[in-house]
Amino acid sequence: MSRPSHIRSVFLAAVIGLVSAPLLGAVHATTARAAQYSATLAGKCCDGETIEAGATEKEYFVLTNTGTETWGAVGIPSINLGTDKPRGRTSTYFQAPDWPIVGGTARPSVGVAHEVPSNASYKFAFDVKAPVITAPKEYIEHFGLLAEAAPPIWIDQEAGLGPDLYLHFKVVPAQPPSIVIGLSASTVVQGGSFSVNAAASDGVSVNHAVIEFAGQQASSGPTRNAEITADEQTTWNANATFTTSGVESGPRTVIATAYDDAGLSTTVTATVNVQSPPPPPQAVAPVRMGYAWSTAPRNSRAMRLKKVVITGTQKGERVYVACHFCHGVRQLGPTVARGGEVAFRPRHLIVTRRSKLIVYVVQPGLYGRYRVYGIKLRASSAIPRQQGCLTPGVTTHAPCPR
């Protein structure tokens, strides 16, 4: 006997209620989990960049916590960055050697350095290492955020709980950089300094450069800054100053090396000639000048100079005497000293109180370099014979030391 239709309706409603109860519970759990872990993308670096084959670069995603759980709080699973599409896979092309291994799978970034509450953001920074290729090729690498529970709780992109995290890369074959250097001076006296200008360039990125000289080193440091988007530097210029104090004389080498992100390098050299300093100036002994005269006729204030003797010279020195405001002969010599004395005997040399005698002593082998001694005659010097000593830069004579 068949049941009435209203009894069948009540029975079916009861059965549906019994079956749907656990399903509603599952939906409620999924919603709670969704509220617990979710995130949005606030920024990233460096999408669309060109990387040399084999180079390691720094990248990052800035993610905002839009869930109820505080990332990094005690008792909360570690919030990690993993590879996606497919989820948790090994990155065939861009896995860097420093990626941590979690549960047998490499993660680009593990954990947070501090607590990240709801509506706060955190930068997940990580390295990627480009594959070695022989021709340019483009790649898209996908990532995802997860709570590292058992099993892992992925912040699902398809469910609208998390953003689509990806980076687009163009990988090109690696080429070594180039570098040229210039020196401010090719010859430097010991104790002096010189500067070096270095200019490096690379088709993709100059990582850093180093300049070395005699144990001294100047380095640019890495040019790459992961805090800045699209900051790759294809050129690098710098000046470095080096000292030659303590450096032996002779040709010395300046070395400059440029490095790129793939670890390739180019080295160039230049030579600077380090010279010994000139010897310190030696004390100059006074030159003794003796002269004798007789009163010239017709003028009681004029005298005829009869003899000039220069002593204290060295063999090979070239000596001559110039007479200013004189009558007759106005220059005595030049003559080459054969020893410690040079004597001149002028025939017609008239001097007055205005006359001034200048003695030039030229050192052998040093053209145009000489010591100058001067004496100005005075009326009181008008005695039958007078002798005086001169020192460099002094215009009057003094009694000679005995």
# chains A, B, ... in the order shown; residues from 1 in each chain; ligands from 1
$ select_by_dssp --residues "segment 60-279 of chain A" --states "strand (DSSP E)" --output "count of residues only"
106
$ closest_residue --among "A:Ile133, A:Ile179, A:Val254, A:Val112" --to "Ala238 of chain A" --atoms "only C-alpha atoms"
A:Ile179
$ atom_distance --atom1 "atom CA of Leu81 of chain A" --atom2 "atom CA of Lys137 of chain A"
25.1 Å
$ closest_residue --among "A:Ala185, A:Val342, A:Ala39, A:Ala73" --to "Ser121 of chain A" --atoms "only C-alpha atoms"
A:Ala39
$ residues_around --residues "Ser219 of chain A" --least-positions-apart "4" --cutoff "7 Å" --atoms "only C-alpha atoms" --output "PyMOL selection string"
chain A and resi 209-211
$ residues_around --residues "Val189 of chain A" --least-positions-apart "6" --cutoff "12 Å" --atoms "only C-alpha atoms" --output "JSON, numbers by chain"
{"A": [243, 244, 245, 246, 247, 248, 249, 250, 251, 272, 273, 274, 275, 276, 277, 278]}
$ write_last_selection --atoms "N, CA, C and O atoms" --output "PDB file, in the first residue's frame"
ATOM      1  N   THR A 243      97.808  56.413  -2.130  1.00  0.00           N
ATOM      2  CA  THR A 243      99.050  57.052  -1.720  1.00  0.00           C
ATOM      3  C   THR A 243     100.229  56.158  -2.069  1.00  0.00           C
ATOM      4  O   THR A 243     100.103  54.923  -2.125  1.00  0.00           O
ATOM      5  N   THR A 244     101.376  56.776  -2.307  1.00  0.00           N
ATOM      6  CA  THR A 244     102.597  56.027  -2.604  1.00  0.00           C
ATOM      7  C   THR A 244     103.522  55.978  -1.392  1.00  0.00           C
ATOM      8  O   THR A 244     104.675  55.588  -1.528  1.00  0.00           O
ATOM      9  N   SER A 245     103.043  56.372  -0.229  1.00  0.00           N
ATOM     10  CA  SER A 245     103.853  56.283   0.984  1.00  0.00           C
ATOM     11  C   SER A 245     104.181  54.823   1.267  1.00  0.00           C
ATOM     12  O   SER A 245     103.289  53.965   1.294  1.00  0.00           O
ATOM     13  N   GLY A 246     105.460  54.544   1.459  1.00  0.00           N
ATOM     14  CA  GLY A 246     105.892  53.184   1.736  1.00  0.00           C
ATOM     15  C   GLY A 246     105.979  52.292   0.519  1.00  0.00           C
ATOM     16  O   GLY A 246     106.288  51.105   0.649  1.00  0.00           O
ATOM     17  N   VAL A 247     105.701  52.824  -0.666  1.00  0.00           N
ATOM     18  CA  VAL A 247     105.775  52.033  -1.895  1.00  0.00           C
ATOM     19  C   VAL A 247     107.173  52.186  -2.500  1.00  0.00           C
ATOM     20  O   VAL A 247     107.680  53.297  -2.619  1.00  0.00           O
ATOM     21  N   GLU A 248     107.792  51.068  -2.849  1.00  0.00           N
ATOM     22  CA  GLU A 248     109.125  51.119  -3.440  1.00  0.00           C
ATOM     23  C   GLU A 248     109.088  51.830  -4.784  1.00  0.00           C
ATOM     24  O   GLU A 248     108.085  51.775  -5.505  1.00  0.00           O
ATOM     25  N   SER A 249     110.193  52.479  -5.101  1.00  0.00           N
ATOM     26  CA  SER A 249     110.265  53.198  -6.372  1.00  0.00           C
ATOM     27  C   SER A 249     110.307  52.213  -7.535  1.00  0.00           C
ATOM     28  O   SER A 249     110.676  51.050  -7.386  1.00  0.00           O
ATOM     29  N   GLY A 250     109.904  52.713  -8.697  1.00  0.00           N
ATOM     30  CA  GLY A 250     109.859  51.887  -9.895  1.00  0.00           C
ATOM     31  C   GLY A 250     108.449  51.796 -10.436  1.00  0.00           C
ATOM     32  O   GLY A 250     107.501  52.337  -9.857  1.00  0.00           O
ATOM     33  N   PRO A 251     108.259  51.084 -11.542  1.00  0.00           N
ATOM     34  CA  PRO A 251     106.911  50.936 -12.100  1.00  0.00           C
ATOM     35  C   PRO A 251     106.043  50.050 -11.213  1.00  0.00           C
ATOM     36  O   PRO A 251     106.461  48.973 -10.795  1.00  0.00           O
ATOM     37  N   VAL A 272     101.891  53.015 -12.979  1.00  0.00           N
ATOM     38  CA  VAL A 272     102.313  54.306 -12.454  1.00  0.00           C
ATOM     39  C   VAL A 272     103.763  54.167 -12.014  1.00  0.00           C
ATOM     40  O   VAL A 272     104.133  53.176 -11.371  1.00  0.00           O
ATOM     41  N   ASN A 273     104.575  55.125 -12.410  1.00  0.00           N
ATOM     42  CA  ASN A 273     106.003  55.095 -12.075  1.00  0.00           C
ATOM     43  C   ASN A 273     106.230  55.865 -10.779  1.00  0.00           C
ATOM     44  O   ASN A 273     105.981  57.070 -10.707  1.00  0.00           O
ATOM     45  N   VAL A 274     106.674  55.164  -9.745  1.00  0.00           N
ATOM     46  CA  VAL A 274     106.936  55.784  -8.442  1.00  0.00           C
ATOM     47  C   VAL A 274     108.413  56.188  -8.397  1.00  0.00           C
ATOM     48  O   VAL A 274     109.296  55.346  -8.551  1.00  0.00           O
ATOM     49  N   GLN A 275     108.671  57.476  -8.215  1.00  0.00           N
ATOM     50  CA  GLN A 275     110.034  57.995  -8.196  1.00  0.00           C
ATOM     51  C   GLN A 275     110.490  58.276  -6.774  1.00  0.00           C
ATOM     52  O   GLN A 275     109.698  58.691  -5.923  1.00  0.00           O
ATOM     53  N   SER A 276     111.779  58.043  -6.542  1.00  0.00           N
ATOM     54  CA  SER A 276     112.345  58.412  -5.253  1.00  0.00           C
ATOM     55  C   SER A 276     112.368  59.932  -5.133  1.00  0.00           C
ATOM     56  O   SER A 276     112.576  60.636  -6.131  1.00  0.00           O
ATOM     57  N   PRO A 277     112.161  60.456  -3.942  1.00  0.00           N
ATOM     58  CA  PRO A 277     112.181  61.920  -3.792  1.00  0.00           C
ATOM     59  C   PRO A 277     113.586  62.457  -4.006  1.00  0.00           C
ATOM     60  O   PRO A 277     114.581  61.738  -3.793  1.00  0.00           O
ATOM     61  N   PRO A 278     113.743  63.712  -4.440  1.00  0.00           N
ATOM     62  CA  PRO A 278     115.072  64.284  -4.620  1.00  0.00           C
ATOM     63  C   PRO A 278     115.787  64.373  -3.281  1.00  0.00           C
ATOM     64  O   PRO A 278     115.161  64.460  -2.229  1.00  0.00           O
TER      65      PRO A 278
END
$ closest_residue --among "A:Leu161, A:Ala147, A:Ala113, A:Ile101" --to "Ala35 of chain A" --atoms "only C-alpha atoms"
A:Leu161
$ residues_around --residues "segment 115-120 of chain A" --least-positions-apart "2" --cutoff "9 Å" --atoms "only C-alpha atoms" --output "list of chain:residue names"
A:Ala39, A:Leu63, A:Thr64, A:Asn65, A:Thr66, A:Gly67, A:Thr68, A:Glu69, A:Thr70, A:Trp71, A:Gly72, A:Ala73, A:Val112, A:Ala113, A:Tyr122
$ write_last_selection --atoms "N, CA, C and O atoms" --output "compact mmCIF listing (two decimals), in the first residue's frame"
# COMPACT_ATOMS: atom_id res chain seq x y z
N ALA A 39 45.01 37.24 1.98
CA ALA A 39 46.02 38.29 1.74
C ALA A 39 45.74 38.98 0.42
O ALA A 39 45.06 38.43 -0.46
N LEU A 63 52.88 41.73 0.78
CA LEU A 63 51.53 41.20 0.94
C LEU A 63 50.89 41.76 2.19
O LEU A 63 51.54 41.89 3.24
N THR A 64 49.61 42.10 2.08
CA THR A 64 48.84 42.63 3.21
C THR A 64 47.99 41.52 3.81
O THR A 64 47.29 40.80 3.09
N ASN A 65 48.09 41.36 5.12
CA ASN A 65 47.32 40.35 5.85
C ASN A 65 45.87 40.83 5.96
O ASN A 65 45.57 41.81 6.65
N THR A 66 44.96 40.15 5.26
CA THR A 66 43.53 40.51 5.33
C THR A 66 42.73 39.46 6.10
O THR A 66 41.49 39.51 6.11
N GLY A 67 43.42 38.51 6.75
CA GLY A 67 42.75 37.49 7.55
C GLY A 67 42.65 37.89 9.00
O GLY A 67 43.08 38.98 9.42
N THR A 68 42.12 37.00 9.82
CA THR A 68 41.95 37.28 11.25
C THR A 68 43.16 36.88 12.07
O THR A 68 43.35 37.39 13.17
N GLU A 69 43.97 35.96 11.54
CA GLU A 69 45.14 35.50 12.29
C GLU A 69 46.30 36.48 12.13
O GLU A 69 46.50 37.06 11.06
N THR A 70 47.07 36.66 13.21
CA THR A 70 48.28 37.47 13.15
C THR A 70 49.44 36.60 12.69
O THR A 70 49.79 35.62 13.36
N TRP A 71 50.02 36.93 11.53
CA TRP A 71 51.14 36.14 11.02
C TRP A 71 52.32 36.25 11.99
O TRP A 71 52.67 37.35 12.44
N GLY A 72 52.94 35.13 12.28
CA GLY A 72 54.10 35.12 13.15
C GLY A 72 53.75 35.05 14.62
O GLY A 72 54.66 35.03 15.46
N ALA A 73 52.46 35.01 14.98
CA ALA A 73 52.07 34.92 16.38
C ALA A 73 52.35 33.52 16.92
O ALA A 73 52.43 32.54 16.16
N VAL A 112 58.02 34.97 8.97
CA VAL A 112 58.10 36.43 9.01
C VAL A 112 58.99 36.82 10.19
O VAL A 112 59.07 36.10 11.19
N ALA A 113 59.65 37.96 10.08
CA ALA A 113 60.60 38.38 11.10
C ALA A 113 59.92 39.00 12.31
O ALA A 113 60.54 39.16 13.36
N TYR A 122 53.73 42.96 4.82
CA TYR A 122 55.05 42.37 5.07
C TYR A 122 55.72 42.07 3.72
O TYR A 122 55.05 41.66 2.76
$ residues_around --residues "segment 50-52 of chain A" --least-positions-apart "4" --cutoff "10 Å" --atoms "only C-alpha atoms" --output "number ranges by chain"
A: 46, 56-57, 128-133, 136-138, 168-175, 203-205, 230, 232, 260-263
$ write_last_selection --atoms "N, CA, C and O atoms" --output "short mmCIF file (atom, residue, chain, number, x, y, z; two decimals), in the first residue's frame"
data_model
loop_
_atom_site.label_atom_id
_atom_site.label_comp_id
_atom_site.auth_asym_id
_atom_site.auth_seq_id
_atom_site.Cartn_x
_atom_site.Cartn_y
_atom_site.Cartn_z
N CYS A 46 60.99 42.00 -9.14
CA CYS A 46 61.06 43.05 -10.16
C CYS A 46 60.52 42.42 -11.43
O CYS A 46 61.25 41.75 -12.16
N THR A 56 72.23 35.56 -9.99
CA THR A 56 71.32 35.53 -8.85
C THR A 56 70.82 36.94 -8.59
O THR A 56 71.61 37.87 -8.47
N GLU A 57 69.49 37.10 -8.51
CA GLU A 57 68.89 38.41 -8.29
C GLU A 57 67.95 38.35 -7.10
O GLU A 57 67.42 37.29 -6.74
N VAL A 128 66.37 34.60 -6.69
CA VAL A 128 66.15 33.67 -7.80
C VAL A 128 67.46 33.54 -8.56
O VAL A 128 68.24 34.50 -8.66
N LYS A 129 67.71 32.37 -9.07
CA LYS A 129 68.92 32.13 -9.86
C LYS A 129 68.49 31.73 -11.26
O LYS A 129 67.78 30.73 -11.46
N ALA A 130 68.90 32.53 -12.24
CA ALA A 130 68.47 32.31 -13.62
C ALA A 130 69.13 31.05 -14.19
O ALA A 130 70.28 30.73 -13.86
N PRO A 131 68.43 30.34 -15.07
CA PRO A 131 69.01 29.15 -15.69
C PRO A 131 70.11 29.52 -16.67
O PRO A 131 70.19 30.66 -17.14
N VAL A 132 70.96 28.55 -16.98
CA VAL A 132 72.02 28.75 -17.96
C VAL A 132 71.44 28.43 -19.33
O VAL A 132 71.00 27.29 -19.58
N ILE A 133 71.42 29.41 -20.21
CA ILE A 133 70.87 29.23 -21.56
C ILE A 133 71.85 29.80 -22.58
O ILE A 133 72.78 30.55 -22.23
N PRO A 136 68.39 33.97 -25.81
CA PRO A 136 67.42 34.66 -24.96
C PRO A 136 66.11 33.88 -24.87
O PRO A 136 65.62 33.31 -25.85
N LYS A 137 65.52 33.87 -23.68
CA LYS A 137 64.27 33.16 -23.46
C LYS A 137 63.48 33.83 -22.35
O LYS A 137 64.07 34.35 -21.40
N GLU A 138 62.14 33.82 -22.45
CA GLU A 138 61.28 34.44 -21.45
C GLU A 138 60.59 33.38 -20.61
O GLU A 138 60.22 32.31 -21.10
N HIS A 168 57.66 37.84 -14.24
CA HIS A 168 58.04 37.58 -15.62
C HIS A 168 59.51 37.93 -15.79
O HIS A 168 59.94 39.03 -15.43
N PHE A 169 60.31 37.01 -16.32
CA PHE A 169 61.75 37.23 -16.50
C PHE A 169 62.13 37.03 -17.96
O PHE A 169 61.57 36.16 -18.65
N LYS A 170 63.11 37.83 -18.40
CA LYS A 170 63.76 37.59 -19.67
C LYS A 170 65.21 37.24 -19.37
O LYS A 170 65.95 38.05 -18.80
N VAL A 171 65.63 36.04 -19.74
CA VAL A 171 66.98 35.57 -19.46
C VAL A 171 67.79 35.64 -20.75
O VAL A 171 67.35 35.18 -21.80
N VAL A 172 68.98 36.24 -20.67
CA VAL A 172 69.87 36.37 -21.83
C VAL A 172 71.20 35.70 -21.52
O VAL A 172 71.59 35.58 -20.35
N PRO A 173 71.93 35.25 -22.53
CA PRO A 173 73.24 34.64 -22.29
C PRO A 173 74.17 35.62 -21.58
O PRO A 173 74.15 36.83 -21.84
N ALA A 174 74.98 35.10 -20.68
CA ALA A 174 75.89 35.95 -19.88
C ALA A 174 77.08 36.38 -20.72
O ALA A 174 77.65 35.58 -21.48
N GLN A 175 77.45 37.65 -20.57
CA GLN A 175 78.64 38.22 -21.20
C GLN A 175 79.42 38.98 -20.15
O GLN A 175 78.83 39.68 -19.31
N GLY A 203 75.94 44.84 -20.55
CA GLY A 203 74.68 44.92 -21.25
C GLY A 203 73.47 44.76 -20.36
O GLY A 203 72.40 45.25 -20.68
N VAL A 204 73.63 44.09 -19.20
CA VAL A 204 72.50 43.85 -18.30
C VAL A 204 72.72 44.52 -16.96
O VAL A 204 71.92 45.33 -16.52
N SER A 205 73.82 44.19 -16.27
CA SER A 205 74.01 44.75 -14.94
C SER A 205 75.46 44.64 -14.51
O SER A 205 76.07 43.58 -14.62
N ALA A 230 63.48 48.06 -10.59
CA ALA A 230 64.18 48.37 -11.84
C ALA A 230 65.43 49.20 -11.59
O ALA A 230 65.64 50.23 -12.21
N GLU A 232 68.61 48.08 -11.88
CA GLU A 232 69.80 47.50 -12.47
C GLU A 232 70.67 48.60 -13.07
O GLU A 232 70.20 49.46 -13.81
N ASP A 260 79.90 41.25 -12.96
CA ASP A 260 78.47 41.36 -13.25
C ASP A 260 77.70 40.39 -12.35
O ASP A 260 78.27 39.66 -11.54
N ASP A 261 76.36 40.37 -12.49
CA ASP A 261 75.53 39.56 -11.62
C ASP A 261 75.70 38.07 -11.86
O ASP A 261 75.34 37.25 -11.00
N ALA A 262 76.24 37.70 -13.00
CA ALA A 262 76.47 36.28 -13.29
C ALA A 262 77.79 35.79 -12.74
O ALA A 262 78.14 34.62 -12.90
N GLY A 263 78.55 36.69 -12.10
CA GLY A 263 79.85 36.30 -11.55
C GLY A 263 80.99 36.41 -12.53
O GLY A 263 82.14 36.08 -12.19
#
$ residues_around --residues "Ile79 of chain A" --least-positions-apart "5" --cutoff "10 Å" --atoms "only C-alpha atoms" --output "tab-separated table (two decimals) with C-alpha atoms, in the first residue's frame"
chain	number	residue	atom	x	y	z
A	37	TYR	CA	44.06	33.26	6.29
A	70	THR	CA	48.28	37.47	13.15
A	71	TRP	CA	51.14	36.14	11.02
A	72	GLY	CA	54.10	35.12	13.15
A	109	SER	CA	60.84	32.47	1.79
A	110	VAL	CA	60.03	30.96	5.20
A	111	GLY	CA	58.31	32.76	8.09
A	112	VAL	CA	58.10	36.43	9.01
A	124	PHE	CA	58.66	38.47	1.50
A	145	LEU	CA	51.32	32.12	0.11
A	146	LEU	CA	50.59	29.35	2.61
A	147	ALA	CA	50.34	28.56	6.31
A	148	GLU	CA	52.82	25.73	6.87
A	149	ALA	CA	50.46	23.37	8.76
A	152	PRO	CA	49.75	23.07	4.33
A	153	ILE	CA	46.93	25.63	4.16
A	154	TRP	CA	47.34	27.54	0.88
A	155	ILE	CA	45.79	30.99	0.64
$ atom_distance --atom1 "atom CA of Pro97 of chain A" --atom2 "atom CA of His142 of chain A"
18.2 Å
$ closest_residue --among "A:Gly340, A:Ile181, A:Thr187, A:Thr269" --to "Asn239 of chain A" --atoms "only C-alpha atoms"
A:Ile181
$ select_by_dssp --residues "segment 14-174 of chain A" --states "alpha helix (DSSP H)" --output "list in words"
Ala14, Val15, Ile16, Gly17, Leu18, Val19, Ser20, Ala21, Pro22, Leu23, Leu24, Gly25, Ala26, Val27, His28, Ala29, Thr30, Thr31, Ala32, Arg33, Ala34, Ala35 and Gln36 of chain A
$ atom_distance --atom1 "atom CA of Leu357 of chain A" --atom2 "atom CA of Arg338 of chain A"
22.1 Å
